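What follows is run.pdb (PDB, C-alpha atoms and all ligand atoms).
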```pdb
ATOM      1  CA  MET Q   1     -21.016 -47.858  51.674  1.00  0.00           C
ATOM      2  CA  ASN Q   2     -21.335 -44.788  53.860  1.00  0.00           C
ATOM      3  CA  VAL Q   3     -20.889 -41.378  52.294  1.00  0.00           C
ATOM      4  CA  ALA Q   4     -20.369 -37.999  53.979  1.00  0.00           C
ATOM      5  CA  LEU Q   5     -21.222 -34.744  52.222  1.00  0.00           C
ATOM      6  CA  LEU Q   6     -19.432 -31.496  53.106  1.00  0.00           C
ATOM      7  CA  ALA Q   7     -20.777 -28.129  51.926  1.00  0.00           C
ATOM      8  CA  SER Q   8     -20.499 -24.446  52.818  1.00  0.00           C
ATOM      9  CA  GLY Q   9     -23.119 -22.724  50.691  1.00  0.00           C
ATOM     10  CA  LYS Q  10     -26.537 -23.071  49.176  1.00  0.00           C
ATOM     11  CA  GLY Q  11     -26.424 -26.850  49.174  1.00  0.00           C
ATOM     12  CA  SER Q  12     -28.313 -27.557  45.951  1.00  0.00           C
ATOM     13  CA  ASN Q  13     -25.954 -30.421  45.130  1.00  0.00           C
ATOM     14  CA  VAL Q  14     -26.400 -31.812  48.639  1.00  0.00           C
ATOM     15  CA  GLU Q  15     -30.178 -31.716  48.227  1.00  0.00           C
ATOM     16  CA  ASN Q  16     -29.965 -33.456  44.875  1.00  0.00           C
ATOM     17  CA  ILE Q  17     -27.592 -36.149  46.194  1.00  0.00           C
ATOM     18  CA  LEU Q  18     -29.737 -36.754  49.292  1.00  0.00           C
ATOM     19  CA  CYS Q  19     -32.781 -37.170  47.081  1.00  0.00           C
ATOM     20  CA  TYR Q  20     -31.042 -39.560  44.666  1.00  0.00           C
ATOM     21  CA  PHE Q  21     -29.678 -41.858  47.402  1.00  0.00           C
ATOM     22  CA  ARG Q  22     -32.651 -41.768  49.783  1.00  0.00           C
ATOM     23  CA  ASN Q  23     -33.698 -45.365  49.081  1.00  0.00           C
ATOM     24  CA  HIS Q  24     -30.488 -46.680  47.594  1.00  0.00           C
ATOM     25  CA  SER Q  25     -29.794 -50.346  48.308  1.00  0.00           C
ATOM     26  CA  LYS Q  26     -26.002 -50.046  48.724  1.00  0.00           C
ATOM     27  CA  ILE Q  27     -25.066 -46.427  49.376  1.00  0.00           C
ATOM     28  CA  LYS Q  28     -26.138 -44.413  52.376  1.00  0.00           C
ATOM     29  CA  ILE Q  29     -25.583 -40.701  52.927  1.00  0.00           C
ATOM     30  CA  ALA Q  30     -24.571 -41.052  56.563  1.00  0.00           C
ATOM     31  CA  LEU Q  31     -23.455 -37.525  57.458  1.00  0.00           C
ATOM     32  CA  VAL Q  32     -23.683 -33.935  56.213  1.00  0.00           C
ATOM     33  CA  GLY Q  33     -21.081 -31.514  57.544  1.00  0.00           C
ATOM     34  CA  SER Q  34     -20.749 -27.771  57.184  1.00  0.00           C
ATOM     35  CA  ASN Q  35     -18.617 -24.922  58.462  1.00  0.00           C
ATOM     36  CA  ASN Q  36     -21.532 -22.552  57.810  1.00  0.00           C
ATOM     37  CA  PRO Q  37     -24.460 -22.770  60.238  1.00  0.00           C
ATOM     38  CA  LYS Q  38     -26.629 -21.061  57.578  1.00  0.00           C
ATOM     39  CA  SER Q  39     -25.802 -23.520  54.800  1.00  0.00           C
ATOM     40  CA  GLY Q  40     -28.847 -24.978  53.084  1.00  0.00           C
ATOM     41  CA  ALA Q  41     -27.035 -28.321  53.231  1.00  0.00           C
ATOM     42  CA  LEU Q  42     -27.846 -28.601  56.958  1.00  0.00           C
ATOM     43  CA  ILE Q  43     -31.529 -27.906  56.372  1.00  0.00           C
ATOM     44  CA  TYR Q  44     -31.738 -30.471  53.569  1.00  0.00           C
ATOM     45  CA  ALA Q  45     -29.968 -33.032  55.775  1.00  0.00           C
ATOM     46  CA  ASN Q  46     -32.554 -32.458  58.499  1.00  0.00           C
ATOM     47  CA  ASN Q  47     -35.340 -32.894  55.954  1.00  0.00           C
ATOM     48  CA  TYR Q  48     -33.891 -36.279  55.013  1.00  0.00           C
ATOM     49  CA  SER Q  49     -33.152 -37.202  58.667  1.00  0.00           C
ATOM     50  CA  VAL Q  50     -29.437 -37.435  57.975  1.00  0.00           C
ATOM     51  CA  PRO Q  51     -27.116 -36.599  60.925  1.00  0.00           C
ATOM     52  CA  THR Q  52     -25.291 -33.290  60.658  1.00  0.00           C
ATOM     53  CA  LEU Q  53     -22.116 -31.785  62.040  1.00  0.00           C
ATOM     54  CA  GLU Q  54     -21.329 -28.087  62.254  1.00  0.00           C
ATOM     55  CA  PHE Q  55     -17.761 -27.040  62.852  1.00  0.00           C
ATOM     56  CA  SER Q  56     -15.732 -23.849  62.617  1.00  0.00           C
ATOM     57  CA  LYS Q  57     -12.670 -23.292  60.440  1.00  0.00           C
ATOM     58  CA  LYS Q  58     -10.597 -23.311  63.623  1.00  0.00           C
ATOM     59  CA  GLU Q  59     -12.113 -26.602  64.798  1.00  0.00           C
ATOM     60  CA  LEU Q  60     -11.392 -28.144  61.418  1.00  0.00           C
ATOM     61  CA  GLU Q  61      -7.782 -27.004  61.570  1.00  0.00           C
ATOM     62  CA  THR Q  62      -6.965 -27.645  65.220  1.00  0.00           C
ATOM     63  CA  THR Q  63      -9.205 -30.472  66.450  1.00  0.00           C
ATOM     64  CA  THR Q  64     -10.160 -33.953  65.311  1.00  0.00           C
ATOM     65  CA  ILE Q  65     -13.901 -33.317  65.623  1.00  0.00           C
ATOM     66  CA  LEU Q  66     -14.639 -33.908  61.943  1.00  0.00           C
ATOM     67  CA  LEU Q  67     -12.232 -36.795  61.531  1.00  0.00           C
ATOM     68  CA  SER Q  68     -13.581 -38.618  64.578  1.00  0.00           C
ATOM     69  CA  THR Q  69     -17.203 -38.028  63.518  1.00  0.00           C
ATOM     70  CA  LEU Q  70     -16.419 -39.434  60.075  1.00  0.00           C
ATOM     71  CA  ASN Q  71     -14.833 -42.468  61.717  1.00  0.00           C
ATOM     72  CA  ASN Q  72     -17.796 -42.895  64.088  1.00  0.00           C
ATOM     73  CA  HIS Q  73     -20.090 -43.047  61.065  1.00  0.00           C
ATOM     74  CA  ASP Q  74     -17.810 -45.503  59.235  1.00  0.00           C
ATOM     75  CA  ILE Q  75     -17.508 -43.147  56.292  1.00  0.00           C
ATOM     76  CA  ASP Q  76     -16.009 -44.713  53.151  1.00  0.00           C
ATOM     77  CA  LEU Q  77     -16.184 -41.698  50.826  1.00  0.00           C
ATOM     78  CA  ILE Q  78     -16.164 -37.934  51.439  1.00  0.00           C
ATOM     79  CA  VAL Q  79     -18.018 -35.855  48.852  1.00  0.00           C
ATOM     80  CA  LEU Q  80     -17.338 -32.122  48.693  1.00  0.00           C
ATOM     81  CA  ALA Q  81     -20.117 -30.035  47.191  1.00  0.00           C
ATOM     82  CA  GLY Q  82     -19.265 -26.350  47.402  1.00  0.00           C
ATOM     83  CA  PHE Q  83     -17.091 -26.840  50.486  1.00  0.00           C
ATOM     84  CA  LEU Q  84     -14.921 -23.747  50.747  1.00  0.00           C
ATOM     85  CA  LEU Q  85     -12.371 -24.663  53.424  1.00  0.00           C
ATOM     86  CA  LYS Q  86      -9.110 -26.372  52.716  1.00  0.00           C
ATOM     87  CA  ILE Q  87      -9.110 -30.017  53.759  1.00  0.00           C
ATOM     88  CA  PRO Q  88      -6.339 -30.574  56.353  1.00  0.00           C
ATOM     89  CA  GLU Q  89      -3.490 -32.844  55.314  1.00  0.00           C
ATOM     90  CA  SER Q  90      -4.238 -35.310  58.123  1.00  0.00           C
ATOM     91  CA  PHE Q  91      -7.545 -36.020  56.341  1.00  0.00           C
ATOM     92  CA  ILE Q  92      -5.982 -36.531  53.005  1.00  0.00           C
ATOM     93  CA  ASP Q  93      -3.725 -39.169  54.565  1.00  0.00           C
ATOM     94  CA  SER Q  94      -6.601 -40.941  56.348  1.00  0.00           C
ATOM     95  CA  PHE Q  95      -8.887 -40.844  53.296  1.00  0.00           C
ATOM     96  CA  LYS Q  96      -6.389 -41.337  50.466  1.00  0.00           C
ATOM     97  CA  GLY Q  97      -8.249 -41.441  47.170  1.00  0.00           C
ATOM     98  CA  LYS Q  98     -11.547 -41.264  49.066  1.00  0.00           C
ATOM     99  CA  ILE Q  99     -12.307 -37.545  48.811  1.00  0.00           C
ATOM    100  CA  VAL Q 100     -14.006 -36.203  45.697  1.00  0.00           C
ATOM    101  CA  ASN Q 101     -14.742 -32.599  44.753  1.00  0.00           C
ATOM    102  CA  ILE Q 102     -16.747 -30.911  42.043  1.00  0.00           C
ATOM    103  CA  HIS Q 103     -15.425 -27.760  40.425  1.00  0.00           C
ATOM    104  CA  PRO Q 104     -17.511 -25.662  38.010  1.00  0.00           C
ATOM    105  CA  SER Q 105     -14.926 -25.253  35.252  1.00  0.00           C
ATOM    106  CA  LEU Q 106     -12.818 -27.445  33.017  1.00  0.00           C
ATOM    107  CA  LEU Q 107      -9.741 -27.743  35.245  1.00  0.00           C
ATOM    108  CA  PRO Q 108      -6.917 -26.816  35.104  1.00  0.00           C
ATOM    109  CA  LYS Q 109      -8.646 -23.759  33.631  1.00  0.00           C
ATOM    110  CA  TYR Q 110     -10.190 -21.417  36.201  1.00  0.00           C
ATOM    111  CA  GLY Q 111      -9.015 -23.357  39.238  1.00  0.00           C
ATOM    112  CA  GLY Q 112      -6.932 -22.595  42.309  1.00  0.00           C
ATOM    113  CA  LYS Q 113      -7.252 -20.286  45.275  1.00  0.00           C
ATOM    114  CA  GLY Q 114      -9.892 -17.568  44.854  1.00  0.00           C
ATOM    115  CA  MET Q 115     -11.539 -19.364  41.944  1.00  0.00           C
ATOM    116  CA  TYR Q 116     -14.919 -20.284  43.339  1.00  0.00           C
ATOM    117  CA  GLY Q 117     -18.564 -19.413  42.783  1.00  0.00           C
ATOM    118  CA  ASP Q 118     -19.367 -16.459  40.560  1.00  0.00           C
ATOM    119  CA  HIS Q 119     -15.696 -15.462  40.170  1.00  0.00           C
ATOM    120  CA  ILE Q 120     -15.193 -18.448  37.924  1.00  0.00           C
ATOM    121  CA  HIS Q 121     -18.175 -17.823  35.666  1.00  0.00           C
ATOM    122  CA  LYS Q 122     -17.570 -14.075  35.445  1.00  0.00           C
ATOM    123  CA  THR Q 123     -13.990 -14.701  34.346  1.00  0.00           C
ATOM    124  CA  VAL Q 124     -15.126 -17.299  31.806  1.00  0.00           C
ATOM    125  CA  LEU Q 125     -17.612 -14.781  30.370  1.00  0.00           C
ATOM    126  CA  SER Q 126     -15.183 -11.870  30.290  1.00  0.00           C
ATOM    127  CA  ASN Q 127     -12.623 -14.054  28.510  1.00  0.00           C
ATOM    128  CA  ASN Q 128     -15.231 -14.826  25.831  1.00  0.00           C
ATOM    129  CA  GLU Q 129     -14.760 -18.552  26.246  1.00  0.00           C
ATOM    130  CA  LYS Q 130     -16.861 -20.686  23.938  1.00  0.00           C
ATOM    131  CA  THR Q 131     -16.745 -23.689  26.245  1.00  0.00           C
ATOM    132  CA  THR Q 132     -16.590 -24.225  29.983  1.00  0.00           C
ATOM    133  CA  GLY Q 133     -17.895 -27.101  32.084  1.00  0.00           C
ATOM    134  CA  ILE Q 134     -17.529 -29.099  35.266  1.00  0.00           C
ATOM    135  CA  THR Q 135     -14.758 -31.262  36.679  1.00  0.00           C
ATOM    136  CA  PHE Q 136     -14.884 -34.075  39.216  1.00  0.00           C
ATOM    137  CA  HIS Q 137     -11.521 -34.702  40.851  1.00  0.00           C
ATOM    138  CA  TYR Q 138      -9.875 -36.336  43.823  1.00  0.00           C
ATOM    139  CA  VAL Q 139      -8.752 -33.948  46.526  1.00  0.00           C
ATOM    140  CA  ASN Q 140      -5.098 -33.551  47.383  1.00  0.00           C
ATOM    141  CA  GLU Q 141      -3.233 -30.946  49.429  1.00  0.00           C
ATOM    142  CA  ASN Q 142      -3.456 -28.264  46.715  1.00  0.00           C
ATOM    143  CA  TYR Q 143      -6.693 -26.538  45.667  1.00  0.00           C
ATOM    144  CA  ASP Q 144      -8.188 -28.097  42.526  1.00  0.00           C
ATOM    145  CA  GLU Q 145      -5.090 -30.093  41.606  1.00  0.00           C
ATOM    146  CA  GLY Q 146      -6.039 -33.687  42.468  1.00  0.00           C
ATOM    147  CA  LYS Q 147      -6.375 -36.344  39.776  1.00  0.00           C
ATOM    148  CA  ILE Q 148      -9.285 -35.711  37.424  1.00  0.00           C
ATOM    149  CA  ILE Q 149     -12.081 -38.297  37.508  1.00  0.00           C
ATOM    150  CA  ALA Q 150     -14.377 -36.900  34.814  1.00  0.00           C
ATOM    151  CA  GLN Q 151     -15.135 -33.669  32.968  1.00  0.00           C
ATOM    152  CA  PHE Q 152     -18.256 -32.533  31.116  1.00  0.00           C
ATOM    153  CA  PRO Q 153     -18.505 -29.488  28.838  1.00  0.00           C
ATOM    154  CA  VAL Q 154     -20.998 -26.620  28.726  1.00  0.00           C
ATOM    155  CA  PHE Q 155     -21.217 -24.552  25.560  1.00  0.00           C
ATOM    156  CA  LEU Q 156     -21.675 -20.796  25.803  1.00  0.00           C
ATOM    157  CA  GLU Q 157     -24.178 -18.952  23.597  1.00  0.00           C
ATOM    158  CA  GLU Q 158     -23.506 -15.508  22.089  1.00  0.00           C
ATOM    159  CA  ASN Q 159     -25.851 -13.906  24.598  1.00  0.00           C
ATOM    160  CA  GLU Q 160     -24.862 -16.000  27.615  1.00  0.00           C
ATOM    161  CA  THR Q 161     -25.320 -14.246  30.966  1.00  0.00           C
ATOM    162  CA  LEU Q 162     -24.012 -15.040  34.411  1.00  0.00           C
ATOM    163  CA  SER Q 163     -27.363 -16.385  35.476  1.00  0.00           C
ATOM    164  CA  SER Q 164     -27.965 -18.469  32.333  1.00  0.00           C
ATOM    165  CA  LEU Q 165     -24.485 -19.951  32.606  1.00  0.00           C
ATOM    166  CA  LYS Q 166     -24.918 -20.752  36.297  1.00  0.00           C
ATOM    167  CA  GLY Q 167     -28.201 -22.468  35.477  1.00  0.00           C
ATOM    168  CA  LYS Q 168     -26.579 -24.684  32.849  1.00  0.00           C
ATOM    169  CA  ILE Q 169     -23.683 -25.565  35.164  1.00  0.00           C
ATOM    170  CA  SER Q 170     -26.035 -26.446  38.022  1.00  0.00           C
ATOM    171  CA  GLN Q 171     -28.220 -28.665  35.827  1.00  0.00           C
ATOM    172  CA  LEU Q 172     -25.167 -30.532  34.647  1.00  0.00           C
ATOM    173  CA  GLU Q 173     -23.799 -30.896  38.190  1.00  0.00           C
ATOM    174  CA  TRP Q 174     -27.105 -32.288  39.458  1.00  0.00           C
ATOM    175  CA  SER Q 175     -27.364 -34.740  36.583  1.00  0.00           C
ATOM    176  CA  LYS Q 176     -23.816 -36.101  36.993  1.00  0.00           C
ATOM    177  CA  TYR Q 177     -22.742 -36.042  40.658  1.00  0.00           C
ATOM    178  CA  PRO Q 178     -24.863 -38.980  41.891  1.00  0.00           C
ATOM    179  CA  PHE Q 179     -23.474 -41.230  39.135  1.00  0.00           C
ATOM    180  CA  ILE Q 180     -19.902 -40.207  39.928  1.00  0.00           C
ATOM    181  CA  ILE Q 181     -20.526 -41.121  43.579  1.00  0.00           C
ATOM    182  CA  GLU Q 182     -21.958 -44.504  42.553  1.00  0.00           C
ATOM    183  CA  ARG Q 183     -18.975 -45.118  40.319  1.00  0.00           C
ATOM    184  CA  LEU Q 184     -16.478 -44.323  43.082  1.00  0.00           C
ATOM    185  CA  CYS Q 185     -18.359 -46.476  45.579  1.00  0.00           C
ATOM    186  CA  ASN Q 186     -18.176 -49.404  43.174  1.00  0.00           C
ATOM    187  CA  GLU Q 187     -14.423 -49.117  42.614  1.00  0.00           C
TER     188      GLU Q 187
HETATM  189  C1  LIG E 201     -21.169 -25.729  42.677  1.00  0.00           C
HETATM  190  O1  LIG E 201     -21.170 -24.971  41.508  1.00  0.00           O
HETATM  191  C2  LIG E 201     -19.908 -26.543  42.774  1.00  0.00           C
HETATM  192  O2  LIG E 201     -19.384 -26.887  41.528  1.00  0.00           O
HETATM  193  C3  LIG E 201     -18.972 -25.609  43.466  1.00  0.00           C
HETATM  194  O3  LIG E 201     -19.776 -24.906  44.391  1.00  0.00           O
HETATM  195  C4  LIG E 201     -21.119 -24.858  43.918  1.00  0.00           C
HETATM  196  C5  LIG E 201     -21.990 -25.373  45.023  1.00  0.00           C
HETATM  197  O4  LIG E 201     -23.333 -25.119  44.772  1.00  0.00           O
HETATM  198  N1  LIG E 201     -17.853 -26.309  44.023  1.00  0.00           N
HETATM  199  P1  LIG E 201     -24.433 -25.653  45.779  1.00  0.00           P
HETATM  200  O5  LIG E 201     -24.079 -25.113  47.163  1.00  0.00           O
HETATM  201  O6  LIG E 201     -24.413 -27.146  45.733  1.00  0.00           O
HETATM  202  O7  LIG E 201     -25.733 -25.081  45.308  1.00  0.00           O
END
```

As structure tokens - that is how I would like this structure written.
Ligand code: GRF
Amino acid sequence: MNVALLASGKGSNVENILCYFRNHSKIKIALVGSNNPKSGALIYANNYSVPTLEFSKKELETTTILLSTLNNHDIDLIVLAGFLLKIPESFIDSFKGKIVNIHPSLLPKYGGKGMYGDHIHKTVLSNNEKTTGITFHYVNENYDEGKIIAQFPVFLEENETLSSLKGKISQLEWSKYPFIIERLCNE
């Protein structure tokens, strides 16, 4: 099975996934793509000698550069890890049920347009939530609305801060995403 990772930001999930699958007998991370030339994901991919593709928002929307690169690498599953652009509908048709995303809240809470990164956690904290978490879901044409694959909770302490909460969320994401990918590849 060939897996492509798409990311726009820091790329800590990409690094963790690359590390987990580096000697895997059945699953290969065959491509890392990013719309952000400064994304850590591209650096990590280079460190693991995984091919990369950089593309602009415009290229994603108006060309087939990403779709044809995915096809050239025989990609079976697309894994989004902090990928901030909307996936074009043509993709969703070509990779039906083969695109997975991670979202750092318990969807449908704190999902949708504008709900990404620190915005989510700040809103969770200001609403005095006792519980938040992470959601793995399939990607469809609407932000954060695809079928849920799995959810895991994070419990907030009285004195929880943005940075402590982000740390807990990241730890949980790193511990779960590789197993979700394995599960989807075995389906
Ligand atoms: C993660 O919190 C993920 O849930 C969200 O974006 C963040 C990406 O972090 N979709 P990183 O770039 O993998 O460090």

Atom pair atom CA of Leu172 of chain Q / atom O6 of ligand LIG 201 (chain E): separation (Å):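 Atom O6 of ligand LIG 201 (chain E) lies at a distance of 11.6 Å from atom CA of Leu172 of chain Q.
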
Given 8 Å of margin on each side, can you work out the centre and size in Å (one decimal) of an axis-aligned box holding every listed atom of ligand LIG 201 (chain E), as AutoDock Vina command-line options?
```
--center_x -21.8 --center_y -26.0 --center_z 44.3 --size_x 23.9 --size_y 18.3 --size_z 21.7
```

Name each residue within 9 Å of ligand LIG 201 (chain E), counting only C-alpha atoms and all ligand atoms, as a PyMOL selection string. chain Q and resi 7-16+39-41+80-84+101-105+116-118+134-136+166+169-170+173-174

For each of Q:Val32, Q:Lys98, Q:Met1, Q:Asn46, take the minimum atom-to-atom distance to Thr69 of chain Q, counting only C-alpha atoms, then give the residue where this is smallest.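 Checking each candidate against Thr69 of chain Q, we get Q:Val32 as the closest.
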
List, as a compact mmCIF listing (two decimals) with C-alpha atoms, keeping the file's coordinate frame, every residue that the PyMOL selection byres (((chain Q and resi 56-68) around 9) and not hetatm) selects in the file provided.
```
# COMPACT_ATOMS: atom_id res chain seq x y z
CA GLY Q 33 -21.08 -31.51 57.54
CA SER Q 34 -20.75 -27.77 57.18
CA ASN Q 35 -18.62 -24.92 58.46
CA ASN Q 36 -21.53 -22.55 57.81
CA LEU Q 53 -22.12 -31.78 62.04
CA GLU Q 54 -21.33 -28.09 62.25
CA PHE Q 55 -17.76 -27.04 62.85
CA THR Q 69 -17.20 -38.03 63.52
CA LEU Q 70 -16.42 -39.43 60.08
CA ASN Q 71 -14.83 -42.47 61.72
CA ASN Q 72 -17.80 -42.90 64.09
CA HIS Q 73 -20.09 -43.05 61.06
CA LEU Q 85 -12.37 -24.66 53.42
CA LYS Q 86 -9.11 -26.37 52.72
CA ILE Q 87 -9.11 -30.02 53.76
CA PRO Q 88 -6.34 -30.57 56.35
CA SER Q 90 -4.24 -35.31 58.12
CA PHE Q 91 -7.54 -36.02 56.34
CA SER Q 94 -6.60 -40.94 56.35
```
